[in-house]
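Source file data.cif; content: mmCIF, C-alpha atoms.
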data_my_file
#
loop_
_atom_site.label_atom_id
_atom_site.label_comp_id
_atom_site.auth_asym_id
_atom_site.auth_seq_id
_atom_site.Cartn_x
_atom_site.Cartn_y
_atom_site.Cartn_z
CA MET Y 1 15.38 -24.95 57.26
CA LEU Y 2 13.84 -28.14 58.40
CA SER Y 3 15.78 -30.53 60.52
CA LEU Y 4 15.19 -34.23 60.07
CA HIS Y 5 14.81 -34.64 63.81
CA HIS Y 6 11.78 -36.49 65.14
CA ASP Y 7 10.85 -35.40 68.65
CA ALA Y 8 9.80 -37.90 71.31
CA ARG Y 9 10.82 -39.13 74.75
CA THR Y 10 12.18 -42.65 74.43
CA PRO Y 11 15.29 -44.47 75.65
CA VAL Y 12 16.79 -44.09 72.18
CA HIS Y 13 16.29 -40.33 72.27
CA ALA Y 14 17.76 -40.15 75.76
CA LEU Y 15 21.09 -41.76 74.81
CA PRO Y 16 23.89 -39.20 74.50
CA ALA Y 17 24.69 -38.25 70.92
CA GLY Y 18 28.31 -39.33 71.29
CA VAL Y 19 27.30 -42.85 72.38
CA LYS Y 20 24.93 -43.21 69.45
CA LEU Y 21 27.60 -42.11 67.02
CA LEU Y 22 30.11 -44.58 68.48
CA VAL Y 23 27.61 -47.44 68.25
CA LEU Y 24 26.91 -46.49 64.67
CA PHE Y 25 30.56 -46.52 63.70
CA ALA Y 26 31.14 -49.81 65.51
CA VAL Y 27 28.22 -51.46 63.72
CA GLY Y 28 29.29 -49.90 60.44
CA THR Y 29 32.76 -51.38 60.63
CA THR Y 30 31.74 -54.86 61.79
CA LEU Y 31 29.07 -55.16 59.11
CA PHE Y 32 31.66 -55.34 56.37
CA PHE Y 33 33.14 -58.49 57.88
CA VAL Y 34 29.84 -60.31 58.27
CA THR Y 35 29.04 -62.57 55.33
CA SER Y 36 26.19 -64.57 56.83
CA MET Y 37 22.75 -63.84 55.50
CA THR Y 38 21.03 -64.91 58.74
CA VAL Y 39 23.18 -62.64 60.90
CA LEU Y 40 22.54 -59.72 58.58
CA GLY Y 41 18.85 -60.58 58.51
CA ALA Y 42 18.86 -60.50 62.31
CA ALA Y 43 20.57 -57.11 62.14
CA VAL Y 44 17.80 -55.81 59.86
CA VAL Y 45 15.19 -57.00 62.38
CA GLY Y 46 17.26 -55.49 65.20
CA VAL Y 47 17.29 -52.09 63.53
CA GLY Y 48 13.54 -52.40 63.01
CA LEU Y 49 13.13 -53.06 66.75
CA CYS Y 50 15.21 -49.96 67.51
CA TYR Y 51 12.82 -47.95 65.36
CA ALA Y 52 9.89 -49.36 67.33
CA LEU Y 53 11.69 -48.54 70.58
CA ALA Y 54 12.23 -44.97 69.40
CA ARG Y 55 8.54 -44.83 68.41
CA ILE Y 56 9.29 -43.56 64.94
CA PRO Y 57 6.02 -43.47 62.97
CA TRP Y 58 5.79 -45.87 60.04
CA ARG Y 59 5.46 -43.03 57.60
CA THR Y 60 8.68 -41.32 58.73
CA ALA Y 61 10.61 -44.59 58.64
CA GLY Y 62 9.22 -45.35 55.21
CA ARG Y 63 10.22 -41.94 53.89
CA GLN Y 64 13.76 -42.56 55.15
CA LEU Y 65 13.89 -45.89 53.38
CA LEU Y 66 12.49 -44.34 50.22
CA THR Y 67 15.42 -41.96 49.87
CA VAL Y 68 17.90 -44.83 49.64
CA LEU Y 69 15.67 -47.00 47.50
CA PRO Y 70 16.78 -45.81 44.03
CA PHE Y 71 20.42 -46.44 44.90
CA ALA Y 72 19.77 -49.70 46.67
CA VAL Y 73 17.73 -51.03 43.75
CA SER Y 74 20.33 -50.09 41.15
CA ILE Y 75 23.11 -51.66 43.22
CA LEU Y 76 21.06 -54.81 43.75
CA ALA Y 77 20.42 -55.06 40.02
CA LEU Y 78 24.12 -54.67 39.25
CA GLN Y 79 25.10 -57.26 41.86
CA TRP Y 80 22.51 -59.71 40.65
CA LEU Y 81 23.77 -59.34 37.08
CA PHE Y 82 27.44 -59.70 37.92
CA SER Y 83 27.79 -61.72 41.10
CA GLY Y 84 24.58 -63.67 41.61
CA TRP Y 85 21.65 -63.16 43.93
CA GLU Y 86 23.42 -64.22 47.16
CA THR Y 87 25.83 -61.30 47.04
CA ALA Y 88 22.99 -59.04 45.97
CA VAL Y 89 20.96 -59.95 49.07
CA LEU Y 90 23.98 -59.59 51.37
CA VAL Y 91 24.84 -56.17 50.02
CA GLY Y 92 21.22 -55.09 50.14
CA GLN Y 93 20.95 -56.14 53.80
CA ARG Y 94 24.16 -54.30 54.63
CA ILE Y 95 23.01 -51.08 53.02
CA VAL Y 96 19.58 -51.26 54.66
CA VAL Y 97 21.06 -51.83 58.12
CA LEU Y 98 23.67 -49.09 57.80
CA VAL Y 99 21.46 -46.46 56.28
CA MET Y 100 18.50 -47.13 58.55
CA LEU Y 101 20.67 -47.14 61.67
CA ALA Y 102 22.38 -43.92 60.63
CA ASN Y 103 19.03 -42.32 59.91
CA LEU Y 104 17.79 -43.48 63.31
CA VAL Y 105 20.65 -41.57 64.94
CA THR Y 106 19.73 -38.50 62.92
CA LEU Y 107 16.03 -38.86 63.73
CA THR Y 108 16.50 -39.24 67.47
CA THR Y 109 19.21 -36.65 68.08
CA ARG Y 110 18.65 -32.92 68.28
CA THR Y 111 20.72 -30.75 66.00
CA THR Y 112 22.12 -28.94 69.04
CA ALA Y 113 23.17 -32.22 70.68
CA MET Y 114 24.79 -33.29 67.43
CA ILE Y 115 26.69 -29.98 67.23
CA ALA Y 116 27.87 -30.48 70.82
CA ALA Y 117 29.08 -34.01 70.00
CA ILE Y 118 30.88 -32.70 66.94
CA GLU Y 119 32.49 -29.92 68.98
CA THR Y 120 33.87 -32.62 71.29
CA ALA Y 121 35.04 -34.69 68.34
CA LEU Y 122 36.79 -31.68 66.82
CA ARG Y 123 38.70 -30.84 70.00
CA PRO Y 124 41.84 -32.78 68.95
CA LEU Y 125 41.96 -30.57 65.84
CA LYS Y 126 42.53 -27.44 67.92
CA PRO Y 127 46.25 -27.19 67.06
CA LEU Y 128 45.24 -26.92 63.38
CA GLY Y 129 43.55 -23.61 64.11
CA ILE Y 130 40.03 -24.96 64.38
CA ARG Y 131 38.10 -23.56 67.31
CA PRO Y 132 35.40 -26.10 68.12
CA GLU Y 133 33.37 -23.61 70.18
CA ARG Y 134 32.82 -21.58 67.01
CA VAL Y 135 31.08 -24.42 65.24
CA GLY Y 136 27.65 -23.50 66.56
CA LEU Y 137 27.96 -19.87 65.48
CA VAL Y 138 29.24 -20.77 62.02
CA VAL Y 139 26.45 -23.29 61.50
CA ALA Y 140 23.88 -20.62 62.39
CA MET Y 141 25.58 -18.15 60.03
CA THR Y 142 25.52 -20.64 57.18
CA ILE Y 143 21.83 -21.30 57.58
CA ARG Y 144 21.20 -17.54 57.66
CA PHE Y 145 23.24 -17.05 54.48
CA ILE Y 146 21.05 -19.37 52.42
CA PRO Y 147 18.11 -16.95 51.92
CA VAL Y 148 20.60 -14.08 51.54
CA ILE Y 149 22.21 -15.78 48.55
CA LYS Y 150 18.80 -16.20 46.97
CA GLU Y 151 18.06 -12.48 47.48
CA GLN Y 152 21.38 -11.50 45.93
CA ALA Y 153 20.78 -13.83 43.01
CA ASP Y 154 17.41 -12.18 42.39
CA GLN Y 155 19.07 -8.76 42.48
CA VAL Y 156 21.76 -9.74 39.98
CA ARG Y 157 19.11 -11.17 37.71
CA ALA Y 158 16.99 -8.00 38.00
CA ALA Y 159 20.00 -5.80 37.27
CA GLN Y 160 20.86 -7.85 34.20
CA ARG Y 161 17.28 -7.67 32.99
CA ALA Y 162 17.30 -3.91 33.45
CA ARG Y 163 20.28 -3.75 31.13
CA GLY Y 164 18.50 -5.87 28.59
CA VAL Y 165 20.49 -9.01 29.28
CA GLU Y 166 17.98 -11.79 29.38
CA ARG Y 167 20.14 -14.86 29.74
CA SER Y 168 23.71 -14.31 30.71
CA THR Y 169 26.47 -16.79 31.27
CA ALA Y 170 28.17 -14.19 33.46
CA PHE Y 171 25.79 -14.65 36.34
CA LEU Y 172 27.90 -16.53 38.81
CA ALA Y 173 30.77 -14.05 39.04
CA PRO Y 174 28.71 -10.95 40.02
CA LEU Y 175 26.76 -13.05 42.49
CA LEU Y 176 29.98 -14.31 44.06
CA VAL Y 177 31.48 -10.84 44.31
CA LYS Y 178 28.30 -9.41 45.85
CA THR Y 179 28.01 -12.16 48.45
CA LEU Y 180 31.74 -12.05 49.22
CA ARG Y 181 31.42 -8.30 49.96
CA LEU Y 182 28.54 -9.08 52.29
CA ALA Y 183 30.53 -11.80 54.02
CA ASP Y 184 33.48 -9.44 54.48
CA GLY Y 185 31.16 -6.84 55.97
CA LEU Y 186 29.86 -9.44 58.37
CA GLY Y 187 33.43 -10.46 59.18
CA GLU Y 188 34.28 -6.87 60.05
CA ALA Y 189 31.20 -6.59 62.23
CA LEU Y 190 32.24 -9.77 64.07
CA ASP Y 191 35.76 -8.34 64.44
CA ALA Y 192 34.43 -5.12 65.89
CA ARG Y 193 32.48 -7.10 68.46
CA GLY Y 194 35.50 -9.18 69.31
CA VAL Y 195 33.87 -12.42 68.19
CA ASP Y 196 36.27 -13.08 65.38
CA GLY Y 197 39.88 -12.28 64.66
CA PRO Y 198 42.93 -12.22 66.91
CA ARG Y 199 42.39 -11.83 70.60
CA ARG Y 200 43.54 -8.35 71.55
CA THR Y 201 43.96 -7.89 75.24
CA GLU Y 202 46.31 -4.92 75.30
CA GLY Y 203 43.54 -2.67 74.00
CA THR Y 204 41.34 -3.02 77.03
CA ARG Y 205 42.14 -0.47 79.66
CA PRO Y 206 40.24 0.24 82.85
CA LEU Y 207 38.46 3.59 82.77
CA MET E 1 34.81 -17.02 59.27
CA ALA E 2 31.97 -15.28 57.46
CA GLN E 3 33.47 -16.40 54.14
CA ILE E 4 33.57 -19.98 55.33
CA ALA E 5 29.90 -19.78 56.26
CA LEU E 6 29.13 -18.14 52.92
CA PHE E 7 30.69 -20.88 50.83
CA ALA E 8 29.07 -23.58 52.91
CA ALA E 9 25.77 -21.82 52.21
CA ILE E 10 26.59 -21.63 48.49
CA MET E 11 27.08 -25.40 48.61
CA VAL E 12 23.61 -25.78 50.10
CA VAL E 13 22.04 -23.50 47.49
CA LEU E 14 23.72 -25.42 44.67
CA GLY E 15 22.12 -28.54 46.08
CA PHE E 16 18.69 -27.07 45.35
CA PHE E 17 19.38 -27.08 41.64
CA PRO E 18 17.59 -29.73 39.65
CA LEU E 19 18.84 -33.17 40.39
CA ILE E 20 19.06 -35.74 37.66
CA GLU E 21 19.07 -39.30 38.86
CA LEU E 22 20.40 -41.70 36.31
CA PRO E 23 19.08 -45.21 36.15
CA LEU E 24 21.50 -47.94 37.22
CA VAL E 25 24.00 -45.42 38.56
CA PRO E 26 24.09 -45.35 42.33
CA ALA E 27 24.92 -41.65 42.66
CA PRO E 28 22.88 -38.57 41.86
CA PHE E 29 24.10 -35.94 39.45
CA THR E 30 24.61 -32.77 41.45
CA SER E 31 25.75 -29.22 40.94
CA GLN E 32 27.48 -29.35 44.27
CA THR E 33 30.91 -30.19 42.94
CA LEU E 34 30.74 -26.68 41.47
CA GLY E 35 30.59 -25.43 45.04
CA VAL E 36 33.71 -27.44 45.86
CA ILE E 37 35.54 -25.86 42.93
CA LEU E 38 34.38 -22.33 43.74
CA ALA E 39 35.29 -22.58 47.42
CA GLY E 40 38.81 -23.79 46.68
CA SER E 41 39.56 -21.45 43.82
CA ILE E 42 38.09 -18.29 45.35
CA ILE E 43 38.89 -18.34 49.06
CA GLY E 44 41.87 -20.67 48.94
CA ALA E 45 42.88 -24.01 50.40
CA ARG E 46 42.45 -23.47 54.13
CA ARG E 47 39.26 -21.44 54.16
CA GLY E 48 37.77 -23.24 51.17
CA GLY E 49 38.47 -26.61 52.72
CA LEU E 50 36.95 -25.51 56.02
CA ALA E 51 33.87 -24.14 54.25
CA ILE E 52 33.17 -27.47 52.59
CA LEU E 53 34.05 -29.32 55.79
CA LEU E 54 31.39 -27.19 57.45
CA PHE E 55 28.97 -28.28 54.76
CA VAL E 56 29.78 -31.92 55.55
CA VAL E 57 29.16 -31.16 59.22
CA LEU E 58 25.71 -29.86 58.25
CA VAL E 59 25.05 -33.13 56.43
CA VAL E 60 26.22 -35.17 59.40
CA ILE E 61 24.06 -33.31 61.92
CA GLY E 62 21.09 -34.20 59.78
CA LEU E 63 20.13 -31.10 57.84
CA PRO E 64 18.65 -32.01 54.46
CA VAL E 65 21.24 -30.06 52.49
CA LEU E 66 22.24 -32.66 49.94
CA PRO E 67 20.40 -32.69 46.60
CA GLY E 68 16.87 -33.99 46.77
CA GLY E 69 16.57 -32.96 50.42
CA ARG E 70 18.79 -35.79 51.58
CA GLY E 71 21.00 -35.54 54.61
CA GLY E 72 21.97 -37.29 57.79
CA LEU E 73 24.52 -39.91 58.53
CA GLY E 74 22.78 -42.46 56.32
CA VAL E 75 24.03 -40.75 53.20
CA ILE E 76 27.60 -40.58 54.48
CA LEU E 77 27.68 -44.27 55.26
CA GLY E 78 25.87 -45.17 52.04
CA PRO E 79 27.49 -45.94 48.69
CA THR E 80 27.83 -42.29 47.67
CA GLY E 81 29.19 -41.09 51.01
CA GLY E 82 32.77 -41.20 49.77
CA PHE E 83 32.06 -38.38 47.34
CA VAL E 84 30.57 -36.24 50.10
CA LEU E 85 33.54 -36.93 52.36
CA ALA E 86 35.88 -36.14 49.47
CA TYR E 87 34.38 -32.68 48.93
CA PRO E 88 36.49 -30.89 51.58
CA VAL E 89 39.65 -32.60 50.36
CA GLY E 90 38.79 -31.59 46.80
CA ALA E 91 38.26 -27.98 47.83
CA TYR E 92 41.54 -28.00 49.74
CA VAL E 93 43.49 -29.40 46.79
CA THR E 94 41.84 -26.96 44.39
CA GLY E 95 42.79 -24.12 46.69
CA LEU E 96 46.34 -25.33 47.12
CA LEU E 97 46.92 -25.53 43.37
CA THR E 98 45.22 -22.16 42.83
CA GLU E 99 47.49 -20.53 45.41
CA ARG E 100 50.55 -22.04 43.75
CA LEU E 101 49.54 -20.87 40.28
CA TRP E 102 48.06 -17.55 41.43
CA LYS E 103 50.56 -15.38 39.51
CA ARG E 104 49.93 -17.25 36.29
CA TYR E 105 46.24 -17.77 36.91
CA ASN E 106 44.18 -17.71 33.72
CA GLN E 107 41.37 -19.69 32.18
CA TRP E 108 43.67 -22.62 31.41
CA THR E 109 45.56 -22.90 34.65
CA ALA E 110 42.25 -22.44 36.47
CA MET E 111 40.80 -25.37 34.59
CA LEU E 112 43.82 -27.46 35.50
CA CYS E 113 43.47 -26.67 39.21
CA ASN E 114 39.75 -27.29 39.18
CA LEU E 115 39.99 -30.49 37.20
CA VAL E 116 42.44 -31.99 39.66
CA GLY E 117 40.74 -30.76 42.84
CA GLY E 118 37.13 -30.72 41.74
CA ALA E 119 37.01 -33.95 39.80
CA LEU E 120 40.07 -36.22 40.09
CA VAL E 121 40.36 -36.00 43.89
CA LEU E 122 36.64 -36.67 44.25
CA TYR E 123 36.86 -39.71 42.00
CA ALA E 124 39.96 -40.98 43.76
CA ILE E 125 38.10 -41.07 47.08
CA GLY E 126 34.50 -41.54 45.99
CA ILE E 127 34.90 -44.46 43.62
CA PRO E 128 36.82 -46.83 45.92
CA TRP E 129 34.34 -45.94 48.67
CA MET E 130 31.47 -46.87 46.38
CA ALA E 131 33.22 -50.09 45.43
CA VAL E 132 33.50 -51.08 49.09
CA ALA E 133 30.12 -49.83 50.28
CA ALA E 134 28.18 -51.30 47.37
CA HIS E 135 30.43 -54.34 47.10
CA LEU E 136 31.24 -53.64 43.49
CA SER E 137 34.53 -54.36 41.80
CA MET E 138 36.68 -51.31 41.11
CA GLU E 139 36.14 -51.60 37.35
CA LYS E 140 32.39 -51.61 37.74
CA ALA E 141 32.47 -48.65 40.09
CA VAL E 142 34.65 -46.78 37.61
CA THR E 143 32.37 -47.62 34.68
CA GLY E 144 29.38 -46.53 36.71
CA SER E 145 30.98 -43.17 37.34
CA VAL E 146 32.03 -42.42 33.76
CA VAL E 147 28.60 -40.93 33.06
CA PHE E 148 29.44 -38.09 35.43
CA LEU E 149 32.50 -37.07 33.46
CA PRO E 150 30.77 -34.75 30.93
CA GLY E 151 28.86 -32.97 33.69
CA ASP E 152 31.94 -32.67 35.84
CA LEU E 153 33.96 -31.26 32.96
CA LEU E 154 31.21 -28.72 32.33
CA LYS E 155 31.33 -27.72 35.98
CA VAL E 156 35.11 -27.39 35.79
CA VAL E 157 34.73 -24.97 32.86
CA ILE E 158 31.95 -22.94 34.52
CA GLY E 159 33.84 -22.82 37.81
CA SER E 160 37.04 -21.71 36.09
CA LEU E 161 35.28 -18.89 34.20
CA ALA E 162 33.75 -17.63 37.44
CA ALA E 163 37.00 -18.00 39.41
CA VAL E 164 39.03 -16.05 36.84
CA THR E 165 36.46 -13.23 36.75
CA VAL E 166 36.22 -13.04 40.53
CA ARG E 167 40.02 -13.02 40.78
CA ARG E 168 40.06 -9.92 38.59
CA ALA E 169 37.18 -8.20 40.38
CA TYR E 170 37.63 -9.17 44.00
CA PRO E 171 40.76 -11.23 44.67
CA MET E 172 40.65 -13.13 47.94
CA ILE E 173 43.94 -14.99 47.81
CA THR E 174 47.23 -13.26 48.54
CA PRO E 175 49.97 -15.35 46.97
CA GLY E 176 53.25 -16.06 48.67
CA THR E 177 52.54 -13.85 51.66
CA PRO E 178 50.70 -15.84 54.28
CA ARG E 179 48.44 -13.83 56.53
CA PRO E 180 50.18 -12.52 59.64
CA ALA E 181 50.14 -15.00 62.48
CA GLY E 182 47.07 -14.79 64.64
CA ASP E 183 44.96 -13.18 61.94
CA GLU E 184 42.12 -15.64 61.77
CA ARG E 185 39.74 -13.36 59.92
CA ALA E 186 38.27 -15.88 57.58
#
Re-express the file's structure as structure tokens.
Amino acid sequence: MLSLHHDARTPVHALPAGVKLLVLFAVGTTLFFVTSMTVLGAAVVGVGLCYALARIPWRTAGRQLLTVLPFAVSILALQWLFSGWETAVLVGQRIVVLVMLANLVTLTTRTTAMIAAIETALRPLKPLGIRPERVGLVVAMTIRFIPVIKEQADQVRAAQRARGVERSTAFLAPLLVKTLRLADGLGEALDARGVDGPRRTEGTRPL
Amino acid sequence: MAQIALFAAIMVVLGFFPLIELPLVPAPFTSQTLGVILAGSIIGARRGGLAILLFVVLVVIGLPVLPGGRGGLGVILGPTGGFVLAYPVGAYVTGLLTERLWKRYNQWTAMLCNLVGGALVLYAIGIPWMAVAAHLSMEKAVTGSVVFLPGDLLKVVIGSLAAVTVRRAYPMITPGTPRPAGDERA
């Protein structure tokens, strides 16, 4: 699994993840109230300068822009058709600034730092039964599950072929049951190691 | 907890399926709403919702888990971000309805649950978001999203078939009797 992170040592990279996220949300909210093309144009230039400051290679920045291009173009076309080119340019500038700034945060922040920031952000949700300190473990488990699902899918397909079923609509259900069994096994293993499940303290007795 | 991770991973895998981008429609066609439906209808509201929330966390921390290898905060703040943010809510609602109708769960009630949670809830959040983010009027955002309806209905049917079969083979939801307090084995 490839992270989108781009490694370098720059002031932008050094900023704490939480600060970057706050800046992003602040900019994101204010942008919707700005209706001046020059201000938005300045914002586009500003984001470009931030990219330069973070020493993001042109190619990486371009690839980021490319992923939003199809959507941006279709929205611009729609706007131009229905509301005239001024709105189209405004909306285009807004999308470019937001998306590029958000991608800059992603590019300059390590996945681990992002997880830590999210753990902090999730802390108020503790009463709901969410344990923020588990987030890292669960994220790792999810990433590990991805190739496992593929393996299981191959097995189901092989089993169906062995029975002479070439194309079956009943593919999803066996795959789900198989992977659910695996997940339950893993859950039990976590339980046994005291990672998951209720905290049992009465069971521990000094020898 | 392992189940939550599993369904988040299923979401990621579904994202690898071929992606059809339609011209003039600012949102890609994805199989991922199927993941939303499956999570809610198989492991229930709380765990299903958390699983998809976990998936959104993966997107936010910048893993390229959305269709077409997209990911990162840019997508969330972009015009289609509302749909992504609506996924956990959709899974939760699907699960809630499934738990309510668990005793009478069959192909038809399953489709009802999945239609509401896996399509209507997503539209209700995603379309206004798109209207604001892309500065479109509500009508235009709605018209732009109509093309997804056939695909979404197909996913509702597929998801319901799978959910009903899994319910028979390996039921995960215990209706009416909430898990004993403190049992967080999810």
Practice item. Give as an NGL selection string the residues that the PyMOL selection byres ((chain Y and resi 184) around 10) matches when applied to the coordinates above. Key: (:Y and (179-183 or 185-190)) or (:E and (1-3 or 6 or 185-186))
Let me see the file: selected residues, C-alpha atoms, as a CSV table (one decimal), in the coordinates of the input.
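New file part_27.csv:
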chain,number,residue,atom,x,y,z
Y,179,THR,CA,28.0,-12.2,48.4
Y,180,LEU,CA,31.7,-12.0,49.2
Y,181,ARG,CA,31.4,-8.3,50.0
Y,182,LEU,CA,28.5,-9.1,52.3
Y,183,ALA,CA,30.5,-11.8,54.0
Y,185,GLY,CA,31.2,-6.8,56.0
Y,186,LEU,CA,29.9,-9.4,58.4
Y,187,GLY,CA,33.4,-10.5,59.2
Y,188,GLU,CA,34.3,-6.9,60.0
Y,189,ALA,CA,31.2,-6.6,62.2
Y,190,LEU,CA,32.2,-9.8,64.1
E,1,MET,CA,34.8,-17.0,59.3
E,2,ALA,CA,32.0,-15.3,57.5
E,3,GLN,CA,33.5,-16.4,54.1
E,6,LEU,CA,29.1,-18.1,52.9
E,185,ARG,CA,39.7,-13.4,59.9
E,186,ALA,CA,38.3,-15.9,57.6
Practice item. Please provide as a list in words all residues within 9 Å of Val91 in chain Y, with the sequence filter that same-chain residues fewer than 4 positions apart are discarded (counting all atoms listed in the file). Key: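 The filter keeps Ala72, Ile75, Leu76, Gln79, Glu86, Thr87, Ile95 and Val96 of chain Y; Ala133, Ala134 and His135 of chain E.
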Applied to the shown file, which residues does the PyMOL selection byres ((chain Y and resi 29) around 12) return, written as a compact mmCIF listing (two decimals) with C-alpha atoms, in the frame of the given file?
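Saved result, selection_13.txt, follows:
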# COMPACT_ATOMS: atom_id res chain seq x y z
CA LEU Y 22 30.11 -44.58 68.48
CA VAL Y 23 27.61 -47.44 68.25
CA LEU Y 24 26.91 -46.49 64.67
CA PHE Y 25 30.56 -46.52 63.70
CA ALA Y 26 31.14 -49.81 65.51
CA VAL Y 27 28.22 -51.46 63.72
CA GLY Y 28 29.29 -49.90 60.44
CA THR Y 30 31.74 -54.86 61.79
CA LEU Y 31 29.07 -55.16 59.11
CA PHE Y 32 31.66 -55.34 56.37
CA PHE Y 33 33.14 -58.49 57.88
CA VAL Y 34 29.84 -60.31 58.27
CA ARG Y 94 24.16 -54.30 54.63
CA VAL Y 97 21.06 -51.83 58.12
CA LEU Y 98 23.67 -49.09 57.80
CA LEU E 77 27.68 -44.27 55.26
CA VAL E 132 33.50 -51.08 49.09
CA ALA E 133 30.12 -49.83 50.28
Check your understanding: Mind pulling up the distance from CA of Ala54 in chain Y to CA of Val12 in chain Y?
Key -> 5.4 Å
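Nearest to Thr111 in chain Y of all the residues Y:Ala170, Y:Ile146, Y:Ala140, Y:Gly84 is Y:Ala140, based on only C-alpha atoms.
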Practice item. Give me, please, the distance in Å between CA of Leu63 in chain E and CA of Lys150 in chain Y, quoted to one decimal. Key: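 Between these atoms lies a distance of 18.5 Å.
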Exercise for review: Please provide as a PyMOL selection string all residues within 8 Å of Arg47 in chain E, with the sequence filter that same-chain residues fewer than 3 positions apart are discarded (counting all atoms listed in the file).
Suggested key: chain E and resi 3-4+39-40+43-44+50-51+186
Review point. How many Å lie between CA of Trp80 in chain Y and CA of Gly92 in chain Y, rounded to one decimal?
Key: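 Interatomic distance here is 10.6 Å.
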Practice item. Quick one: apply the PyMOL selection byres ((chain E and resi 92-104) around 12) to the file and drop the selected residues here as a PyMOL selection string. Key: chain E and resi 33-53+86-91+105-122+156+159-160+163-164+167-168+171-178
Serialized selection, C-alpha atoms, as a short mmCIF file (atom, residue, chain, number, x, y, z; two decimals), in the frame of the given file:
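And here's part.cif as it stands now:
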data_model
loop_
_atom_site.label_atom_id
_atom_site.label_comp_id
_atom_site.auth_asym_id
_atom_site.auth_seq_id
_atom_site.Cartn_x
_atom_site.Cartn_y
_atom_site.Cartn_z
CA THR E 33 30.91 -30.19 42.94
CA LEU E 34 30.74 -26.68 41.47
CA GLY E 35 30.59 -25.43 45.04
CA VAL E 36 33.71 -27.44 45.86
CA ILE E 37 35.54 -25.86 42.93
CA LEU E 38 34.38 -22.33 43.74
CA ALA E 39 35.29 -22.58 47.42
CA GLY E 40 38.81 -23.79 46.68
CA SER E 41 39.56 -21.45 43.82
CA ILE E 42 38.09 -18.29 45.35
CA ILE E 43 38.89 -18.34 49.06
CA GLY E 44 41.87 -20.67 48.94
CA ALA E 45 42.88 -24.01 50.40
CA ARG E 46 42.45 -23.47 54.13
CA ARG E 47 39.26 -21.44 54.16
CA GLY E 48 37.77 -23.24 51.17
CA GLY E 49 38.47 -26.61 52.72
CA LEU E 50 36.95 -25.51 56.02
CA ALA E 51 33.87 -24.14 54.25
CA ILE E 52 33.17 -27.47 52.59
CA LEU E 53 34.05 -29.32 55.79
CA ALA E 86 35.88 -36.14 49.47
CA TYR E 87 34.38 -32.68 48.93
CA PRO E 88 36.49 -30.89 51.58
CA VAL E 89 39.65 -32.60 50.36
CA GLY E 90 38.79 -31.59 46.80
CA ALA E 91 38.26 -27.98 47.83
CA TYR E 105 46.24 -17.77 36.91
CA ASN E 106 44.18 -17.71 33.72
CA GLN E 107 41.37 -19.69 32.18
CA TRP E 108 43.67 -22.62 31.41
CA THR E 109 45.56 -22.90 34.65
CA ALA E 110 42.25 -22.44 36.47
CA MET E 111 40.80 -25.37 34.59
CA LEU E 112 43.82 -27.46 35.50
CA CYS E 113 43.47 -26.67 39.21
CA ASN E 114 39.75 -27.29 39.18
CA LEU E 115 39.99 -30.49 37.20
CA VAL E 116 42.44 -31.99 39.66
CA GLY E 117 40.74 -30.76 42.84
CA GLY E 118 37.13 -30.72 41.74
CA ALA E 119 37.01 -33.95 39.80
CA LEU E 120 40.07 -36.22 40.09
CA VAL E 121 40.36 -36.00 43.89
CA LEU E 122 36.64 -36.67 44.25
CA VAL E 156 35.11 -27.39 35.79
CA GLY E 159 33.84 -22.82 37.81
CA SER E 160 37.04 -21.71 36.09
CA ALA E 163 37.00 -18.00 39.41
CA VAL E 164 39.03 -16.05 36.84
CA ARG E 167 40.02 -13.02 40.78
CA ARG E 168 40.06 -9.92 38.59
CA PRO E 171 40.76 -11.23 44.67
CA MET E 172 40.65 -13.13 47.94
CA ILE E 173 43.94 -14.99 47.81
CA THR E 174 47.23 -13.26 48.54
CA PRO E 175 49.97 -15.35 46.97
CA GLY E 176 53.25 -16.06 48.67
CA THR E 177 52.54 -13.85 51.66
CA PRO E 178 50.70 -15.84 54.28
#
Review point. Which one is closest to Val135 in chain Y: E:Leu154, E:Ile127, E:Leu14, E:Ile61? Count only C-alpha atoms.
Key: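 Smallest separation from Val135 in chain Y among the options: E:Ile61.
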Point to revise | Proximity to Val56 in chain E - best of E:Ala124, E:Leu136, E:Ile76, E:Leu153, only C-alpha atoms | key: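 Counting only C-alpha atoms, the residue closest to Val56 in chain E is E:Ile76.
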Point to revise | Contacts of Leu21 in chain Y within 9 Å, all atoms listed in the file, excl. fewer than 4 positions in-chain, as a PyMOL selection string | key: chain Y and resi 16-17+25-26+102+105+117
Check your understanding: Using all atoms listed in the file, which of the listed residues (Y:Val45, Y:Ala14, Y:Ile56, Y:Ala162) sits closest to Leu107 in chain Y?
Key -> Y:Ile56
Point to revise | Surrounding residues of Met141 in chain Y excluding itself and chain neighbours under 2 positions, 9 Å, all atoms listed in the file, as a ChimeraX atom specification | key: /Y:136-139,143-146 /E:2,5-6,9
